[in-house]
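*Asks:* Have a look at the structure that comes next, please.
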Amino acid sequence: MLSRRLVWVFVFCASLIPFILLLRDAITENLGANPIETLHLSLGDWALRFLCFTLALTPLKILTGQRWPVRFRRMLGLFSFFYASLHLMVYLVLDLSFSWEQFVDEIPKSPYILVGLFTYSLLLILAVTSPKVMKKKCGRHWKKIHQLIYLAAISTLVHFFWLVKLEMTEPLIYSVFIGCMLMIRLVFITK
Ligand code: HEM
């Protein structure tokens, strides 16, 4: 029981490391020539990485036959939401200085922003329904609601592919990873 708690604390602290390092670099002005862009893009990357970690836990359980990986699903999913919220906040507060007019103007020019907002609303639904009390309230619908994570992963990839103009390597790597995680689930769970 104690070792389980220690592992939980370890994973929690490790998940905060990207945030702490970015905060340190922001305070020490070490974010390069365009600090707001660096901060914004890094937070988007971490939101996607935590989504990938969350998606990897069920396949890990299937492949190892161990139950422990799924115990971290809620925490890692909430960390994806945490980094996505900071990604959105940096964009609205530091990039656009809360200019809603500019935000609305940006949407037709950069439709990936709309896809980002759609993804964020899915993550919000997942975060709000993640506590045990909500699981109870949602009853048999809870599992269906939480399958929205797959849609969130796919729409994050659309968001990413849409905004990169030339360099496709990074979104392609994430696509292969997410594709493999979905395939493992489909093959083993529908068997
Ligand atoms: C909440 C609404 C969102 C808005 C308004 C938004 C907006 C943006 C913008 C403006 C960029 C940068 C485009 C550029 O400078 O070229 C970006 C990049 C990115 N966003 Fe979002 N985003 C949102 C949600 C999300 C979510 C929910 C995720 C992931 C779960 C995400 C992941 C990313 C990634 C991975 C990148 C690319 C980072 C890179 O190039 O390394 N975004 N987003």
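Following the order of the structure tokens, chains are lettered A, B, ..., residues in each are numbered from 1, and ligands are numbered from 1.
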Could you list the protein, DNA and RNA residues that have any atom within 8 Å of ligand 1, counting only C-alpha atoms and all ligand atoms, and write them as an MDAnalysis selection string?
*Replies:* chainID A and resid 37 40:48 51 80:81 83:85 87:88 91:92 110 112:121 123 152:153 156:157 159:160 163:164 170:171
*Asks:* Could you list, as a list in words, every residue within 10 Å of Leu22 of chain A, counting only C-alpha atoms and ignoring same-chain residues fewer than 3 positions away?
*Replies:*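 Near neighbours after the sequence-gap exclusion: Ile17, Pro18, Phe19, Asp25, Ala26, Ile27, Thr28, Asn30, Leu31, Thr38, Leu39, Ser42 and Leu43 of chain A.
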*Asks:* For Arg73 of chain A, which residue out of A:Met134, A:Leu186, A:Leu94, A:Val11 is the nearest one, using only C-alpha atoms?
*Replies:*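 Residue with the minimum atom-to-atom distance to Arg73 of chain A: A:Val11.
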*Asks:* Kindly indicate which residue among A:Phe72, A:Arg24, A:Glu106, A:Tyr150 lies nearest to Ile178 of chain A, using only C-alpha atoms for the distances.
*Replies:* A:Tyr150
*Asks:* Which distance in Å separates atom CA of Thr58 of chain A and atom CA of Leu86 of chain A, to one decimal?
*Replies:*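 Distance between the two atoms: 26.5 Å.
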